[in-house]
Amino acid sequence: MDLVAGRGWIEERRPIRHLDPVLLITAGGLALVGFLLVYSATKASLLQFNQDPGYYLKKQVAFAILGVVLLLLVATVDYRFFKVYAGFVYAASLLSLVLVRTPLGSSSAGAQRWFGFAGFQITPSEFTKVALVLMLAAVLSELRSGLPSLADVIRVVAIAALPMVLVFIQPDIGTTIVMVAILAGVLVVAGTQLRHLIALTMVGVLLIFGAFQLHKIRDYQIARLTGFLDPQSSSADVRYNLDQSLIAIGSGGITGQGYLHGRLTNLDFVPEQHTDFIFTAAGEEFGFVGSAVILLLFAILLWRAIRIAYLSKDPFGTYVAAGVASMFAIQMFVNVGMTIGIMPITGIPLPFVSYGGSAMLANFIGVGLLLNVHMRRFK
């Protein structure tokens, strides 16, 4: 009888028995929604140039399949293994950010942030976000005093500042914002004192002010910000993206115009609709109801991530889950917010939904880390 009970106890503690199916299904559901919207947003323009209407969809599906493979690999290895090698992953990510600024990197529209490989573009900053989560979690989980002291906060901020600066100069303000959110989320969960967080915020504001004064912010980025703060005084060119986005979403009404029947989507009125402005296609074709369902899926995703952070048996697992949750939360909020006019326009994709191979892989790796922590919360 004891032997049977022992076997049952062993079976109960096998990681696979504690898989989080809700998290997995939610991530898969968002990816499927992304397939539909990417195809809808690109079909008409591709047909106009006599190209394969499924070109972008096929690439997105291929990256999603590879993302699932990476998810399984990440979930299989005990997450504490990543704590040991977090420094190496972090260093490799910094090296990739340096190399992408050399002739090895590819540039487009004044930005140099990709590696071209076999017809695909690999964006190292997307993977750096995950590397930053692991590095911050590893450092904070080793604090002997429990709560971070001022010296600990400075050390953690310095660690985060290196990739932030390298990404900012690409230039890529959107990804820099995501890294700031990851840093803030992990510090808050670690129990950082409020006065330290306030001081950190003030330093951040001063740095932003200094960047403007030193002309480190590009003209088009300033135009986007002023267009958000004072839309009435901005030119039609500056307001164009937001105006078209609001028209597309508003035209969807309650139930939408129907899949593949969005007039603005089919006529390609909204710029970058398959990437940064993918949510406008959802608003036009699926309406308020469909958009609400997408937001509900994101709410479930964040709920499961926060729950995993709470259930984790050790600080490292908690900080990893908190970092991934912060990464998803800020991207969802800013991306959706900029399409409806409550946030300035930045190049932040909608997780799992926007077209982009590197972002898709990084997102699935993030889910793999969450599953990993959840499966081993008893082990």
# chains A, B, ... in the order shown; residues from 1 in each chain; ligands from 1
>>> residues_around(residues="Gly185 (chain A)", least_positions_apart="2", cutoff="9 Å", atoms="only C-alpha atoms", output="list in words")
Val180, Ala181, Ile182, Leu183, Leu187, Val188, Val189, Ala190, Tyr319, Ala322, Gly323, Ala325, Ser326 and Met327 of chain A
>>> write_last_selection(atoms="N, CA and C atoms", output="compact mmCIF listing (two decimals), in the first residue's frame")
# COMPACT_ATOMS: atom_id res chain seq x y z
N VAL A 180 11.84 49.13 -20.04
CA VAL A 180 11.59 49.92 -18.83
C VAL A 180 10.46 49.29 -18.02
N ALA A 181 9.43 48.82 -18.70
CA ALA A 181 8.30 48.18 -18.01
C ALA A 181 8.73 46.88 -17.33
N ILE A 182 9.59 46.12 -17.99
CA ILE A 182 10.10 44.88 -17.39
C ILE A 182 10.87 45.21 -16.12
N LEU A 183 11.75 46.20 -16.20
CA LEU A 183 12.52 46.62 -15.03
C LEU A 183 11.61 47.06 -13.90
N LEU A 187 11.10 45.11 -10.24
CA LEU A 187 11.48 45.84 -9.04
C LEU A 187 10.30 45.96 -8.07
N VAL A 188 9.12 46.21 -8.60
CA VAL A 188 7.93 46.32 -7.74
C VAL A 188 7.64 45.00 -7.04
N VAL A 189 7.67 43.91 -7.80
CA VAL A 189 7.40 42.58 -7.23
C VAL A 189 8.47 42.21 -6.21
N ALA A 190 9.70 42.67 -6.44
CA ALA A 190 10.80 42.36 -5.51
C ALA A 190 10.67 43.13 -4.20
N TYR A 319 10.07 36.20 -10.11
CA TYR A 319 10.54 37.36 -10.88
C TYR A 319 10.50 37.09 -12.38
N ALA A 322 6.89 37.50 -13.32
CA ALA A 322 6.53 38.92 -13.24
C ALA A 322 7.11 39.70 -14.42
N GLY A 323 8.34 39.38 -14.80
CA GLY A 323 8.96 40.05 -15.94
C GLY A 323 8.25 39.76 -17.24
N ALA A 325 5.10 38.80 -17.52
CA ALA A 325 3.79 39.45 -17.43
C ALA A 325 3.91 40.94 -17.77
N SER A 326 4.94 41.60 -17.26
CA SER A 326 5.16 43.02 -17.56
C SER A 326 5.42 43.23 -19.04
N MET A 327 6.17 42.34 -19.65
CA MET A 327 6.48 42.43 -21.08
C MET A 327 5.22 42.35 -21.92
>>> select_by_dssp(residues="region 8-244 of chain A", states="helix (DSSP H, G or I)", output="PyMOL selection string")
chain A and resi 8-12+15-18+21-48+55-76+80-84+86-99+124-140+150-168+173-189+194-213+219-229+231-233+236-244
>>> residues_around(residues="Ala299 (chain A)", least_positions_apart="6", cutoff="10 Å", atoms="only C-alpha atoms", output="VMD selection string")
chain A and resid 26 293 305 329 332
>>> residues_around(residues="region 125-127 of chain A", least_positions_apart="6", cutoff="12 Å", atoms="only C-alpha atoms", output="short mmCIF file (atom, residue, chain, number, x, y, z; two decimals) with all heavy atoms, in the first residue's frame")
data_model
loop_
_atom_site.label_atom_id
_atom_site.label_comp_id
_atom_site.auth_asym_id
_atom_site.auth_seq_id
_atom_site.Cartn_x
_atom_site.Cartn_y
_atom_site.Cartn_z
N VAL A 89 23.38 34.38 -21.33
CA VAL A 89 22.31 34.78 -22.25
C VAL A 89 22.26 36.30 -22.37
O VAL A 89 22.11 36.85 -23.47
CB VAL A 89 20.95 34.23 -21.75
CG1 VAL A 89 19.81 34.74 -22.63
CG2 VAL A 89 20.95 32.71 -21.73
N TYR A 90 22.40 36.96 -21.25
CA TYR A 90 22.40 38.43 -21.22
C TYR A 90 23.58 38.98 -22.03
O TYR A 90 23.43 39.90 -22.85
CB TYR A 90 22.47 38.90 -19.77
CG TYR A 90 22.67 40.38 -19.57
CD1 TYR A 90 21.62 41.27 -19.72
CD2 TYR A 90 23.93 40.88 -19.20
CE1 TYR A 90 21.81 42.64 -19.52
CE2 TYR A 90 24.11 42.24 -18.99
CZ TYR A 90 23.06 43.11 -19.16
OH TYR A 90 23.24 44.45 -18.95
N ALA A 92 25.25 37.50 -24.43
CA ALA A 92 25.03 37.20 -25.85
C ALA A 92 24.05 38.19 -26.47
O ALA A 92 24.23 38.62 -27.62
CB ALA A 92 24.51 35.77 -26.00
N SER A 93 23.04 38.58 -25.71
CA SER A 93 22.06 39.55 -26.23
C SER A 93 22.72 40.91 -26.43
O SER A 93 22.44 41.60 -27.42
CB SER A 93 20.86 39.65 -25.29
OG SER A 93 21.22 40.26 -24.06
N LEU A 94 23.59 41.32 -25.50
CA LEU A 94 24.30 42.59 -25.66
C LEU A 94 25.20 42.55 -26.89
O LEU A 94 25.29 43.53 -27.65
CB LEU A 94 25.13 42.89 -24.42
CG LEU A 94 24.38 43.21 -23.12
CD1 LEU A 94 25.38 43.49 -22.00
CD2 LEU A 94 23.45 44.40 -23.31
N LEU A 95 25.88 41.43 -27.08
CA LEU A 95 26.75 41.28 -28.24
C LEU A 95 25.95 41.40 -29.54
O LEU A 95 26.38 42.04 -30.50
CB LEU A 95 27.48 39.94 -28.19
CG LEU A 95 28.41 39.62 -29.36
CD1 LEU A 95 29.51 40.66 -29.47
CD2 LEU A 95 29.00 38.22 -29.22
N SER A 96 24.77 40.79 -29.57
CA SER A 96 23.94 40.86 -30.78
C SER A 96 23.49 42.29 -31.06
O SER A 96 23.41 42.71 -32.22
CB SER A 96 22.72 39.94 -30.64
OG SER A 96 21.82 40.41 -29.65
N LEU A 97 23.22 43.06 -30.00
CA LEU A 97 22.81 44.45 -30.18
C LEU A 97 23.97 45.30 -30.69
O LEU A 97 23.76 46.28 -31.42
CB LEU A 97 22.29 45.02 -28.85
CG LEU A 97 20.99 44.43 -28.32
CD1 LEU A 97 20.64 45.04 -26.97
CD2 LEU A 97 19.84 44.64 -29.30
N VAL A 98 25.18 44.94 -30.31
CA VAL A 98 26.36 45.65 -30.82
C VAL A 98 26.60 45.29 -32.28
O VAL A 98 26.85 46.15 -33.13
CB VAL A 98 27.60 45.33 -29.97
CG1 VAL A 98 28.86 45.91 -30.62
CG2 VAL A 98 27.44 45.88 -28.55
N LEU A 99 26.52 44.00 -32.59
CA LEU A 99 26.80 43.53 -33.95
C LEU A 99 25.78 44.05 -34.97
O LEU A 99 26.11 44.26 -36.13
CB LEU A 99 26.83 42.00 -33.98
CG LEU A 99 28.01 41.34 -33.26
CD1 LEU A 99 27.88 39.82 -33.32
CD2 LEU A 99 29.33 41.78 -33.89
N VAL A 100 24.53 44.24 -34.52
CA VAL A 100 23.51 44.68 -35.46
C VAL A 100 23.77 46.11 -35.91
O VAL A 100 23.25 46.55 -36.94
CB VAL A 100 22.10 44.57 -34.81
CG1 VAL A 100 21.79 45.75 -33.89
CG2 VAL A 100 21.02 44.44 -35.88
N ARG A 101 24.61 46.85 -35.18
CA ARG A 101 24.97 48.22 -35.56
C ARG A 101 26.17 48.26 -36.51
O ARG A 101 26.58 49.33 -36.96
CB ARG A 101 25.28 49.05 -34.31
CG ARG A 101 24.12 49.20 -33.35
CD ARG A 101 23.11 50.17 -33.89
NE ARG A 101 23.66 51.51 -34.02
CZ ARG A 101 23.06 52.52 -34.64
NH1 ARG A 101 21.89 52.33 -35.21
NH2 ARG A 101 23.63 53.71 -34.70
N GLN A 112 18.54 50.73 -37.88
CA GLN A 112 19.38 49.56 -38.12
C GLN A 112 19.22 48.63 -36.92
O GLN A 112 19.87 48.80 -35.90
CB GLN A 112 20.85 49.95 -38.30
CG GLN A 112 21.73 48.78 -38.71
CD GLN A 112 23.08 49.23 -39.26
OE1 GLN A 112 23.24 50.38 -39.62
NE2 GLN A 112 24.03 48.32 -39.33
N ARG A 113 18.33 47.65 -37.07
CA ARG A 113 17.98 46.79 -35.94
C ARG A 113 17.73 45.34 -36.34
O ARG A 113 17.20 44.57 -35.56
CB ARG A 113 16.75 47.35 -35.23
CG ARG A 113 15.51 47.41 -36.08
CD ARG A 113 14.32 48.04 -35.36
NE ARG A 113 14.44 49.48 -35.25
CZ ARG A 113 13.39 50.31 -35.23
NH1 ARG A 113 12.17 49.84 -35.29
NH2 ARG A 113 13.58 51.62 -35.13
N TRP A 114 18.09 44.93 -37.56
CA TRP A 114 17.82 43.58 -38.01
C TRP A 114 19.07 42.91 -38.57
O TRP A 114 20.00 43.56 -39.03
CB TRP A 114 16.77 43.57 -39.13
CG TRP A 114 15.50 44.27 -38.79
CD1 TRP A 114 14.44 43.79 -38.07
CD2 TRP A 114 15.13 45.61 -39.17
NE1 TRP A 114 13.46 44.74 -37.98
CE2 TRP A 114 13.85 45.87 -38.65
CE3 TRP A 114 15.77 46.61 -39.91
CZ2 TRP A 114 13.19 47.07 -38.83
CZ3 TRP A 114 15.12 47.82 -40.09
CH2 TRP A 114 13.85 48.03 -39.55
N PHE A 115 19.04 41.59 -38.53
CA PHE A 115 19.99 40.77 -39.29
C PHE A 115 19.20 40.11 -40.41
O PHE A 115 18.16 39.47 -40.16
CB PHE A 115 20.61 39.67 -38.41
CG PHE A 115 21.57 40.19 -37.37
CD1 PHE A 115 21.27 40.05 -36.02
CD2 PHE A 115 22.77 40.78 -37.72
CE1 PHE A 115 22.14 40.51 -35.05
CE2 PHE A 115 23.65 41.24 -36.76
CZ PHE A 115 23.34 41.11 -35.42
N VAL A 133 14.73 39.78 -18.74
CA VAL A 133 13.89 39.18 -17.70
C VAL A 133 14.69 38.16 -16.89
O VAL A 133 14.68 38.19 -15.65
CB VAL A 133 12.65 38.50 -18.33
CG1 VAL A 133 11.92 37.64 -17.30
CG2 VAL A 133 11.70 39.53 -18.91
N LEU A 134 15.40 37.28 -17.58
CA LEU A 134 16.17 36.24 -16.89
C LEU A 134 17.29 36.85 -16.04
O LEU A 134 17.52 36.42 -14.90
CB LEU A 134 16.75 35.27 -17.91
CG LEU A 134 15.75 34.41 -18.68
CD1 LEU A 134 16.47 33.59 -19.76
CD2 LEU A 134 15.00 33.49 -17.74
N PRO A 163 21.31 47.30 -22.25
CA PRO A 163 20.54 46.99 -23.45
C PRO A 163 19.58 48.11 -23.84
O PRO A 163 19.30 48.31 -25.03
CB PRO A 163 19.78 45.71 -23.06
CG PRO A 163 19.73 45.72 -21.57
CD PRO A 163 21.02 46.36 -21.15
N MET A 164 19.07 48.86 -22.86
CA MET A 164 18.17 49.97 -23.18
C MET A 164 18.85 50.99 -24.07
O MET A 164 18.29 51.45 -25.07
CB MET A 164 17.69 50.65 -21.90
CG MET A 164 16.66 49.88 -21.11
SD MET A 164 16.17 50.82 -19.65
CE MET A 164 15.30 49.55 -18.71
N VAL A 165 20.07 51.36 -23.72
CA VAL A 165 20.81 52.35 -24.50
C VAL A 165 21.10 51.82 -25.90
O VAL A 165 20.92 52.53 -26.90
CB VAL A 165 22.13 52.73 -23.79
CG1 VAL A 165 23.01 53.58 -24.70
CG2 VAL A 165 21.84 53.47 -22.49
N LEU A 166 21.51 50.57 -25.99
CA LEU A 166 21.84 49.98 -27.29
C LEU A 166 20.61 49.89 -28.19
O LEU A 166 20.71 50.05 -29.41
CB LEU A 166 22.44 48.59 -27.09
CG LEU A 166 23.84 48.56 -26.46
CD1 LEU A 166 24.26 47.12 -26.16
CD2 LEU A 166 24.86 49.22 -27.38
N VAL A 167 19.45 49.64 -27.59
CA VAL A 167 18.21 49.58 -28.37
C VAL A 167 17.73 50.99 -28.72
O VAL A 167 17.26 51.24 -29.84
CB VAL A 167 17.12 48.82 -27.59
CG1 VAL A 167 15.76 48.95 -28.27
CG2 VAL A 167 17.49 47.35 -27.46
N PHE A 168 17.88 51.91 -27.79
CA PHE A 168 17.41 53.28 -28.02
C PHE A 168 18.11 53.93 -29.20
O PHE A 168 17.49 54.67 -29.98
CB PHE A 168 17.65 54.10 -26.74
CG PHE A 168 17.20 55.53 -26.85
CD1 PHE A 168 15.87 55.87 -26.68
CD2 PHE A 168 18.13 56.54 -27.11
CE1 PHE A 168 15.46 57.19 -26.78
CE2 PHE A 168 17.72 57.85 -27.20
CZ PHE A 168 16.38 58.18 -27.04
N ILE A 169 19.41 53.66 -29.37
CA ILE A 169 20.16 54.31 -30.44
C ILE A 169 19.95 53.65 -31.80
O ILE A 169 20.48 54.13 -32.80
CB ILE A 169 21.68 54.34 -30.11
CG1 ILE A 169 22.24 52.92 -30.04
CG2 ILE A 169 21.94 55.11 -28.84
CD1 ILE A 169 23.75 52.87 -29.82
N GLN A 170 19.16 52.59 -31.89
CA GLN A 170 18.97 51.92 -33.18
C GLN A 170 18.27 52.78 -34.23
O GLN A 170 18.62 52.61 -35.41
CB GLN A 170 18.23 50.59 -32.96
CG GLN A 170 19.09 49.55 -32.27
CD GLN A 170 18.37 48.23 -32.11
OE1 GLN A 170 17.16 48.11 -32.33
NE2 GLN A 170 19.11 47.20 -31.72
N PRO A 171 17.28 53.59 -34.05
CA PRO A 171 16.56 53.85 -32.80
C PRO A 171 15.31 52.97 -32.70
O PRO A 171 14.65 52.70 -33.71
CB PRO A 171 16.19 55.32 -32.94
CG PRO A 171 15.95 55.49 -34.42
CD PRO A 171 16.90 54.53 -35.12
N ASP A 172 14.97 52.59 -31.47
CA ASP A 172 13.77 51.78 -31.24
C ASP A 172 13.21 52.15 -29.86
O ASP A 172 13.49 51.49 -28.86
CB ASP A 172 14.12 50.29 -31.31
CG ASP A 172 12.89 49.41 -31.23
OD1 ASP A 172 11.79 49.94 -30.98
OD2 ASP A 172 13.03 48.18 -31.39
N ILE A 173 12.43 53.21 -29.84
CA ILE A 173 11.88 53.68 -28.57
C ILE A 173 10.85 52.68 -28.02
O ILE A 173 10.74 52.49 -26.81
CB ILE A 173 11.24 55.08 -28.74
CG1 ILE A 173 12.35 56.11 -29.00
CG2 ILE A 173 10.43 55.47 -27.51
CD1 ILE A 173 11.83 57.52 -29.16
N GLY A 174 10.11 52.04 -28.92
CA GLY A 174 9.09 51.10 -28.49
C GLY A 174 9.64 49.98 -27.62
O GLY A 174 9.14 49.70 -26.52
N THR A 175 10.69 49.32 -28.11
CA THR A 175 11.29 48.23 -27.35
C THR A 175 11.95 48.75 -26.08
O THR A 175 11.96 48.06 -25.06
CB THR A 175 12.33 47.49 -28.22
OG1 THR A 175 11.69 47.00 -29.41
CG2 THR A 175 12.91 46.29 -27.47
N THR A 176 12.49 49.97 -26.13
CA THR A 176 13.06 50.57 -24.92
C THR A 176 11.99 50.73 -23.85
O THR A 176 12.23 50.46 -22.66
CB THR A 176 13.69 51.94 -25.24
OG1 THR A 176 14.62 51.80 -26.32
CG2 THR A 176 14.40 52.50 -24.03
N ILE A 177 10.80 51.15 -24.25
CA ILE A 177 9.69 51.29 -23.32
C ILE A 177 9.34 49.95 -22.69
O ILE A 177 9.07 49.85 -21.48
CB ILE A 177 8.47 51.89 -24.02
CG1 ILE A 177 8.74 53.33 -24.42
CG2 ILE A 177 7.22 51.80 -23.14
CD1 ILE A 177 7.66 53.95 -25.28
N VAL A 178 9.35 48.89 -23.49
CA VAL A 178 9.04 47.55 -22.98
C VAL A 178 10.08 47.14 -21.93
O VAL A 178 9.74 46.58 -20.88
CB VAL A 178 9.00 46.53 -24.13
CG1 VAL A 178 8.78 45.11 -23.58
CG2 VAL A 178 7.89 46.88 -25.11
N MET A 179 11.35 47.43 -22.19
CA MET A 179 12.40 47.09 -21.23
C MET A 179 12.25 47.86 -19.92
O MET A 179 12.48 47.32 -18.84
CB MET A 179 13.78 47.35 -21.85
CG MET A 179 14.13 46.41 -22.97
SD MET A 179 15.79 46.73 -23.64
CE MET A 179 15.89 45.41 -24.86
N MET A 327 6.17 42.34 -19.65
CA MET A 327 6.48 42.43 -21.08
C MET A 327 5.22 42.35 -21.92
O MET A 327 5.00 43.17 -22.83
CB MET A 327 7.44 41.30 -21.47
CG MET A 327 7.85 41.29 -22.93
SD MET A 327 9.02 39.95 -23.31
CE MET A 327 7.91 38.51 -23.30
N GLN A 331 3.13 45.83 -23.84
CA GLN A 331 2.97 45.76 -25.29
C GLN A 331 1.50 45.80 -25.69
O GLN A 331 1.11 46.48 -26.64
CB GLN A 331 3.63 44.48 -25.83
CG GLN A 331 5.14 44.50 -25.75
CD GLN A 331 5.76 43.25 -26.32
OE1 GLN A 331 6.26 43.23 -27.45
NE2 GLN A 331 5.75 42.18 -25.55
N ILE A 348 5.46 49.34 -31.29
CA ILE A 348 5.32 48.18 -30.41
C ILE A 348 4.28 47.23 -30.98
O ILE A 348 3.12 47.61 -31.13
CB ILE A 348 4.92 48.61 -28.98
CG1 ILE A 348 6.04 49.45 -28.34
CG2 ILE A 348 4.61 47.40 -28.11
CD1 ILE A 348 5.73 49.90 -26.92
N PRO A 349 4.65 46.01 -31.34
CA PRO A 349 3.68 45.07 -31.91
C PRO A 349 2.74 44.49 -30.86
O PRO A 349 3.05 44.50 -29.66
CB PRO A 349 4.57 43.98 -32.51
CG PRO A 349 5.80 43.99 -31.65
CD PRO A 349 6.00 45.43 -31.27
N PRO A 351 1.38 41.42 -29.08
CA PRO A 351 1.92 40.06 -28.90
C PRO A 351 1.06 38.98 -29.54
O PRO A 351 -0.17 38.97 -29.38
CB PRO A 351 1.96 39.90 -27.37
CG PRO A 351 2.08 41.28 -26.85
CD PRO A 351 1.29 42.15 -27.79
N GLY A 356 5.37 39.41 -37.47
CA GLY A 356 6.77 39.60 -37.08
C GLY A 356 7.33 38.31 -36.52
O GLY A 356 6.84 37.81 -35.50
N GLY A 357 8.33 37.77 -37.18
CA GLY A 357 8.87 36.49 -36.77
C GLY A 357 9.60 36.52 -35.45
O GLY A 357 9.38 35.68 -34.57
N SER A 358 10.50 37.49 -35.27
CA SER A 358 11.28 37.55 -34.03
C SER A 358 10.38 37.77 -32.82
O SER A 358 10.57 37.16 -31.76
CB SER A 358 12.32 38.68 -34.12
OG SER A 358 13.23 38.44 -35.17
N ALA A 359 9.39 38.66 -32.97
CA ALA A 359 8.46 38.92 -31.87
C ALA A 359 7.67 37.66 -31.53
O ALA A 359 7.45 37.34 -30.35
CB ALA A 359 7.52 40.06 -32.24
N MET A 360 7.25 36.92 -32.55
CA MET A 360 6.50 35.69 -32.32
C MET A 360 7.34 34.68 -31.54
O MET A 360 6.86 34.04 -30.58
CB MET A 360 6.05 35.10 -33.65
CG MET A 360 5.21 33.82 -33.52
SD MET A 360 3.58 34.12 -32.84
CE MET A 360 2.72 34.76 -34.28
N LEU A 361 8.59 34.51 -31.93
CA LEU A 361 9.47 33.57 -31.24
C LEU A 361 9.69 33.99 -29.79
O LEU A 361 9.62 33.17 -28.88
CB LEU A 361 10.80 33.48 -31.97
CG LEU A 361 10.77 32.94 -33.41
CD1 LEU A 361 12.19 32.90 -33.99
CD2 LEU A 361 10.15 31.56 -33.47
N ALA A 362 9.95 35.27 -29.58
CA ALA A 362 10.19 35.77 -28.22
C ALA A 362 8.95 35.59 -27.35
O ALA A 362 9.05 35.25 -26.16
CB ALA A 362 10.60 37.24 -28.26
N ASN A 363 7.77 35.82 -27.94
CA ASN A 363 6.53 35.66 -27.17
C ASN A 363 6.31 34.22 -26.74
O ASN A 363 5.92 33.94 -25.60
CB ASN A 363 5.34 36.14 -28.00
CG ASN A 363 5.35 37.64 -28.22
OD1 ASN A 363 5.86 38.39 -27.39
ND2 ASN A 363 4.79 38.08 -29.33
N PHE A 364 6.57 33.27 -27.63
CA PHE A 364 6.39 31.86 -27.29
C PHE A 364 7.44 31.41 -26.28
O PHE A 364 7.17 30.56 -25.43
CB PHE A 364 6.43 30.99 -28.55
CG PHE A 364 5.07 30.83 -29.19
CD1 PHE A 364 4.81 31.38 -30.43
CD2 PHE A 364 4.07 30.12 -28.56
CE1 PHE A 364 3.56 31.23 -31.03
CE2 PHE A 364 2.82 29.97 -29.14
CZ PHE A 364 2.56 30.53 -30.39
N ILE A 365 8.64 31.96 -26.38
CA ILE A 365 9.66 31.65 -25.36
C ILE A 365 9.18 32.15 -23.99
O ILE A 365 9.34 31.48 -22.97
CB ILE A 365 11.01 32.30 -25.74
CG1 ILE A 365 11.60 31.59 -26.96
CG2 ILE A 365 11.98 32.21 -24.56
CD1 ILE A 365 12.85 32.27 -27.51
N GLY A 366 8.58 33.34 -23.97
CA GLY A 366 8.04 33.87 -22.73
C GLY A 366 6.97 32.97 -22.14
O GLY A 366 6.96 32.70 -20.93
#
>>> closest_residue(among="A:Thr226, A:Ser354, A:Gln221, A:Gln193", to="Val336 (chain A)", atoms="only C-alpha atoms")
A:Ser354
>>> residues_around(residues="region 80-86 of chain A", least_positions_apart="2", cutoff="8 Å", atoms="only C-alpha atoms", output="list in words")
Val77, Asp78, Phe88, Val89, Tyr90, Ala131, Leu134, Met135, Ala137, Ala138, Phe316 and Gly317 of chain A
>>> decode(residues="region 71-93 of chain A", atoms="C-alpha atoms", output="PDB file, in the first residue's frame")
ATOM      1  CA  LEU A  71       8.234  26.837 -26.164  1.00  0.00           C
ATOM      2  CA  LEU A  72       8.449  23.076 -25.689  1.00  0.00           C
ATOM      3  CA  LEU A  73      12.231  23.195 -25.382  1.00  0.00           C
ATOM      4  CA  VAL A  74      12.120  26.026 -22.841  1.00  0.00           C
ATOM      5  CA  ALA A  75       9.358  24.347 -20.837  1.00  0.00           C
ATOM      6  CA  THR A  76      11.161  21.013 -20.765  1.00  0.00           C
ATOM      7  CA  VAL A  77      14.337  22.232 -19.054  1.00  0.00           C
ATOM      8  CA  ASP A  78      13.985  23.113 -15.360  1.00  0.00           C
ATOM      9  CA  TYR A  79      13.714  26.909 -15.198  1.00  0.00           C
ATOM     10  CA  ARG A  80      16.418  27.052 -12.507  1.00  0.00           C
ATOM     11  CA  PHE A  81      18.855  25.994 -15.211  1.00  0.00           C
ATOM     12  CA  PHE A  82      18.287  29.384 -16.859  1.00  0.00           C
ATOM     13  CA  LYS A  83      19.271  31.117 -13.636  1.00  0.00           C
ATOM     14  CA  VAL A  84      22.741  29.570 -13.835  1.00  0.00           C
ATOM     15  CA  TYR A  85      23.255  30.703 -17.430  1.00  0.00           C
ATOM     16  CA  ALA A  86      21.315  33.984 -17.302  1.00  0.00           C
ATOM     17  CA  GLY A  87      24.571  35.960 -17.415  1.00  0.00           C
ATOM     18  CA  PHE A  88      25.681  34.221 -20.606  1.00  0.00           C
ATOM     19  CA  VAL A  89      22.307  34.778 -22.248  1.00  0.00           C
ATOM     20  CA  TYR A  90      22.404  38.430 -21.221  1.00  0.00           C
ATOM     21  CA  ALA A  91      25.960  38.874 -22.560  1.00  0.00           C
ATOM     22  CA  ALA A  92      25.029  37.203 -25.847  1.00  0.00           C
ATOM     23  CA  SER A  93      22.062  39.546 -26.232  1.00  0.00           C
TER      24      SER A  93
END
